[in-house]
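To start, the structure itself, in structure tokens.
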Amino acid sequence: MKTLTLLRHAKSGWDDPVARDFDRPLNPKGQRAAAMMGRHLRTEGLEFDHVLASPAVRVVETLAQVATGYGSDLAPHWDQRLYLASAGTLLDLVHELPDGADRVLFSGHNPGLEELVLLLAGENGLRDSVEVKFPTASLAEMRFAVDRWADVKPGAGALLRFTRPRDLDPTLGPDYN
């Protein structure tokens, strides 16, 4: 069995005057949401053998805040290919994962992460929720009945959880600033 968890970066600061999208930092709400997701990961007992992440500033800051809430450094491997990656590129990265890693976390961007969930997950109510929206700092966990990551196929994943920050704290939802 292989478990893939996808974490979208937390809310970034569009008002921050940076020259490149890559350099956009988190805003205060995003920092709170990322730390909350880290606490949620710890409470749920989620652990990872391997973490692969986009090196964009907002992902780096998200994982730093998640680690604070989680109580442990996630020791991510930074991979430029995750920056604004398509579902196809993300699936290629899944297929390249080391087979010794059974529980992997990807942290990156939409629309790629959402599209990857929709590509890999079989039909269920959680998938329908992802299809509506995969908000910032949201977490999706999928399990695959394979021994090798190269054998992960579209539609073969069981979507076990989809958690949005607002599910944990309503003030992190879209109706609050």
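Residue numbering restarts at 1 in every chain; chains get A, B, ... in the order shown in the structure tokens, and ligands count up from 1 in that same order.
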Leaving out A:Leu126 and any residue of its chain fewer than 3 positions from it, which residues lie within 8 Å of it when counting only C-alpha atoms, given as a list in words? Ser129, Val130, Leu159, Leu160, Arg161 and Phe162 of chain A
Write out as a Markdown table the residues of stretch 48-154 of chain A that have any atom within 9 Å of an atom of stretch 1-18 of chain A, one row each with the nearest atom pair and its distance in Å to one decimal, counting only C-alpha atoms, sorted by chain and then rising number.
| residue | atom | partner | partner_atom | distance |
| --- | --- | --- | --- | --- |
| A:Phe48 | CA | A:Thr5 | CA | 8.8 |
| A:Arg58 | CA | A:Ser12 | CA | 6.3 |
| A:Val59 | CA | A:His9 | CA | 5.1 |
| A:Val60 | CA | A:His9 | CA | 8.5 |
| A:Glu61 | CA | A:His9 | CA | 8.4 |
| A:Thr62 | CA | A:His9 | CA | 5.7 |
| A:Leu63 | CA | A:His9 | CA | 8.0 |
| A:Val94 | CA | A:Leu4 | CA | 8.6 |
| A:Asp99 | CA | A:Lys2 | CA | 8.8 |
| A:Ala101 | CA | A:Lys2 | CA | 8.0 |
| A:Asp102 | CA | A:Lys2 | CA | 4.8 |
| A:Arg103 | CA | A:Thr3 | CA | 4.8 |
| A:Val104 | CA | A:Leu4 | CA | 5.0 |
| A:Leu105 | CA | A:Thr5 | CA | 4.7 |
| A:Phe106 | CA | A:Leu6 | CA | 4.9 |
| A:Ser107 | CA | A:Leu7 | CA | 4.7 |
| A:Gly108 | CA | A:Arg8 | CA | 5.2 |
| A:His109 | CA | A:Arg8 | CA | 5.5 |
| A:Asn110 | CA | A:Arg8 | CA | 7.0 |
| A:Leu113 | CA | A:Leu6 | CA | 6.8 |
| A:Glu114 | CA | A:Arg8 | CA | 8.7 |
| A:Val117 | CA | A:Leu6 | CA | 8.3 |
| A:Phe134 | CA | A:Arg8 | CA | 7.9 |
| A:Pro135 | CA | A:Arg8 | CA | 7.5 |
| A:Thr136 | CA | A:Ala10 | CA | 4.7 |
| A:Ala137 | CA | A:Ala10 | CA | 4.1 |
| A:Ser138 | CA | A:Arg8 | CA | 5.6 |
| A:Leu139 | CA | A:Leu7 | CA | 4.6 |
| A:Ala140 | CA | A:Leu6 | CA | 5.2 |
| A:Glu141 | CA | A:Thr5 | CA | 4.2 |
| A:Met142 | CA | A:Leu4 | CA | 5.2 |
| A:Arg143 | CA | A:Thr3 | CA | 4.4 |
| A:Phe144 | CA | A:Lys2 | CA | 5.2 |
| A:Ala145 | CA | A:Met1 | CA | 4.8 |
| A:Val146 | CA | A:Met1 | CA | 5.3 |
| A:Asp147 | CA | A:Met1 | CA | 5.9 |
| A:Arg148 | CA | A:Lys2 | CA | 7.8 |
| A:Trp149 | CA | A:Lys2 | CA | 7.3 |
| A:Val152 | CA | A:Lys2 | CA | 8.9 |
Go ahead and save the residues from that selection, with N, CA, C and O atoms, as a compact mmCIF listing (two decimals), in the first residue's frame.
# COMPACT_ATOMS: atom_id res chain seq x y z
N PHE A 48 5.14 10.92 7.44
CA PHE A 48 5.59 10.84 6.05
C PHE A 48 7.01 10.31 5.98
O PHE A 48 7.88 10.73 6.74
N ARG A 58 5.86 30.76 -1.04
CA ARG A 58 4.63 30.48 -0.30
C ARG A 58 4.54 29.01 0.14
O ARG A 58 3.94 28.71 1.16
N VAL A 59 5.17 28.10 -0.58
CA VAL A 59 5.21 26.69 -0.17
C VAL A 59 6.24 26.50 0.95
O VAL A 59 5.98 25.82 1.93
N VAL A 60 7.40 27.12 0.79
CA VAL A 60 8.43 27.05 1.83
C VAL A 60 7.86 27.56 3.16
O VAL A 60 8.02 26.92 4.21
N GLU A 61 7.18 28.71 3.12
CA GLU A 61 6.59 29.28 4.33
C GLU A 61 5.45 28.41 4.86
O GLU A 61 5.29 28.28 6.08
N THR A 62 4.66 27.84 3.98
CA THR A 62 3.59 26.94 4.42
C THR A 62 4.17 25.76 5.19
O THR A 62 3.71 25.45 6.30
N LEU A 63 5.19 25.12 4.64
CA LEU A 63 5.76 23.95 5.31
C LEU A 63 6.46 24.33 6.61
O LEU A 63 6.46 23.54 7.56
N VAL A 94 5.07 11.32 -9.10
CA VAL A 94 4.59 10.19 -8.29
C VAL A 94 5.28 8.91 -8.75
O VAL A 94 5.79 8.13 -7.95
N ASP A 99 10.42 3.60 -3.99
CA ASP A 99 9.48 2.57 -3.55
C ASP A 99 9.59 2.28 -2.06
O ASP A 99 8.65 1.77 -1.46
N ALA A 101 9.53 4.46 0.18
CA ALA A 101 8.68 5.45 0.86
C ALA A 101 7.23 5.05 0.67
O ALA A 101 6.73 5.04 -0.45
N ASP A 102 6.56 4.70 1.76
CA ASP A 102 5.16 4.28 1.68
C ASP A 102 4.18 5.42 1.90
O ASP A 102 3.03 5.36 1.46
N ARG A 103 4.61 6.47 2.63
CA ARG A 103 3.73 7.61 2.95
C ARG A 103 4.42 8.89 2.51
O ARG A 103 5.40 9.32 3.12
N VAL A 104 3.90 9.49 1.44
CA VAL A 104 4.54 10.64 0.82
C VAL A 104 3.62 11.85 0.90
O VAL A 104 2.40 11.73 0.74
N LEU A 105 4.24 13.00 1.14
CA LEU A 105 3.54 14.28 1.12
C LEU A 105 4.08 15.11 -0.04
O LEU A 105 5.29 15.26 -0.18
N PHE A 106 3.16 15.60 -0.88
CA PHE A 106 3.49 16.59 -1.91
C PHE A 106 2.91 17.91 -1.44
O PHE A 106 1.75 17.96 -0.99
N SER A 107 3.67 18.99 -1.56
CA SER A 107 3.14 20.31 -1.27
C SER A 107 3.42 21.21 -2.46
O SER A 107 4.57 21.31 -2.91
N GLY A 108 2.36 21.85 -2.96
CA GLY A 108 2.51 22.67 -4.15
C GLY A 108 1.32 23.55 -4.40
O GLY A 108 0.78 24.16 -3.47
N HIS A 109 0.89 23.57 -5.65
CA HIS A 109 -0.01 24.61 -6.15
C HIS A 109 -1.22 24.02 -6.88
O HIS A 109 -1.19 22.90 -7.35
N ASN A 110 -2.23 24.85 -7.00
CA ASN A 110 -3.36 24.57 -7.88
C ASN A 110 -3.10 25.28 -9.20
O ASN A 110 -2.33 26.24 -9.22
N LEU A 113 -2.59 20.30 -8.16
CA LEU A 113 -2.91 19.36 -7.07
C LEU A 113 -4.35 18.89 -7.16
O LEU A 113 -4.64 17.70 -7.02
N GLU A 114 -5.27 19.83 -7.37
CA GLU A 114 -6.69 19.46 -7.49
C GLU A 114 -6.89 18.51 -8.66
O GLU A 114 -7.57 17.49 -8.54
N VAL A 117 -5.75 14.97 -7.82
CA VAL A 117 -6.73 14.23 -7.02
C VAL A 117 -7.85 13.73 -7.93
O VAL A 117 -8.23 12.55 -7.85
N PHE A 134 -10.53 23.14 -4.21
CA PHE A 134 -9.41 22.67 -3.38
C PHE A 134 -8.75 23.94 -2.84
O PHE A 134 -7.79 24.45 -3.41
N PRO A 135 -9.28 24.49 -1.73
CA PRO A 135 -8.80 25.79 -1.23
C PRO A 135 -7.35 25.75 -0.75
O PRO A 135 -6.78 24.68 -0.52
N THR A 136 -6.80 26.93 -0.55
CA THR A 136 -5.45 27.03 -0.01
C THR A 136 -5.38 26.32 1.34
O THR A 136 -6.34 26.30 2.10
N ALA A 137 -4.23 25.72 1.61
CA ALA A 137 -3.91 24.98 2.85
C ALA A 137 -4.77 23.74 3.04
O ALA A 137 -4.80 23.18 4.13
N SER A 138 -5.45 23.29 2.00
CA SER A 138 -6.25 22.06 2.10
C SER A 138 -5.37 20.84 1.91
O SER A 138 -4.31 20.90 1.29
N LEU A 139 -5.87 19.72 2.44
CA LEU A 139 -5.13 18.48 2.49
C LEU A 139 -6.00 17.36 1.92
O LEU A 139 -7.16 17.22 2.30
N ALA A 140 -5.45 16.58 1.00
CA ALA A 140 -6.13 15.40 0.47
C ALA A 140 -5.21 14.20 0.64
O ALA A 140 -4.01 14.30 0.37
N GLU A 141 -5.78 13.09 1.10
CA GLU A 141 -4.99 11.87 1.31
C GLU A 141 -5.59 10.75 0.49
O GLU A 141 -6.79 10.48 0.58
N MET A 142 -4.74 10.09 -0.32
CA MET A 142 -5.17 8.99 -1.17
C MET A 142 -4.32 7.76 -0.89
O MET A 142 -3.12 7.87 -0.64
N ARG A 143 -4.94 6.59 -0.99
CA ARG A 143 -4.22 5.33 -0.79
C ARG A 143 -4.36 4.50 -2.07
O ARG A 143 -5.41 4.48 -2.70
N PHE A 144 -3.26 3.81 -2.37
CA PHE A 144 -3.20 2.99 -3.58
C PHE A 144 -2.77 1.58 -3.21
O PHE A 144 -1.83 1.39 -2.44
N ALA A 145 -3.44 0.59 -3.78
CA ALA A 145 -3.12 -0.82 -3.52
C ALA A 145 -2.03 -1.27 -4.49
O ALA A 145 -2.25 -2.08 -5.39
N VAL A 146 -0.84 -0.69 -4.31
CA VAL A 146 0.32 -1.01 -5.15
C VAL A 146 1.55 -1.13 -4.25
O VAL A 146 1.57 -0.61 -3.13
N ASP A 147 2.55 -1.80 -4.75
CA ASP A 147 3.83 -1.90 -4.04
C ASP A 147 4.86 -0.91 -4.58
O ASP A 147 5.82 -0.59 -3.91
N ARG A 148 4.62 -0.47 -5.82
CA ARG A 148 5.55 0.46 -6.46
C ARG A 148 4.80 1.71 -6.92
O ARG A 148 3.70 1.61 -7.46
N TRP A 149 5.41 2.86 -6.70
CA TRP A 149 4.78 4.12 -7.12
C TRP A 149 4.57 4.15 -8.63
O TRP A 149 3.60 4.75 -9.11
N VAL A 152 1.00 3.35 -9.86
CA VAL A 152 -0.17 4.20 -9.57
C VAL A 152 -0.82 4.58 -10.89
O VAL A 152 -0.16 5.08 -11.81
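Interatomic distance, atom CA of A:His50 to atom CA of A:Leu97: 8.6 Å.
Proximity of A:Leu82, A:Leu26, A:Leu46, A:Val51 to A:Gln65, computed with only C-alpha atoms, is greatest for A:Leu26.
You can rank A:Gly155, A:Gly38, A:Pro55, A:Gly30 by their closest distance to A:Leu118 using only C-alpha atoms, and at the top of that list sits A:Gly155.
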Taking the DSSP secondary structure from the backbone, can you list the residues of chain A that are strand (DSSP E or B), as a PyMOL selection string? chain A and resi 2-8+12+26+50-53+77-78+103-108+121+139-144+157-163
Would you return as a PyMOL selection string the members of stretch 4-164 of chain A that DSSP assigns to alpha helix (DSSP H) on this structure's backbone? chain A and resi 28-43+57-70+87-96+112-120+125-132
Nearby residues (only C-alpha atoms) at most 10 Å from A:Ser72, same-chain spacing under 6 positions excluded, as a ChimeraX atom specification: /A:38,42,64,66
Expressed in Å, the length from atom CA of A:Thr89 to atom CA of A:Val132 is 22.2 Å
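Interatomic distance, atom CA of A:Gln80 to atom CA of A:Pro174: 29.3 Å.
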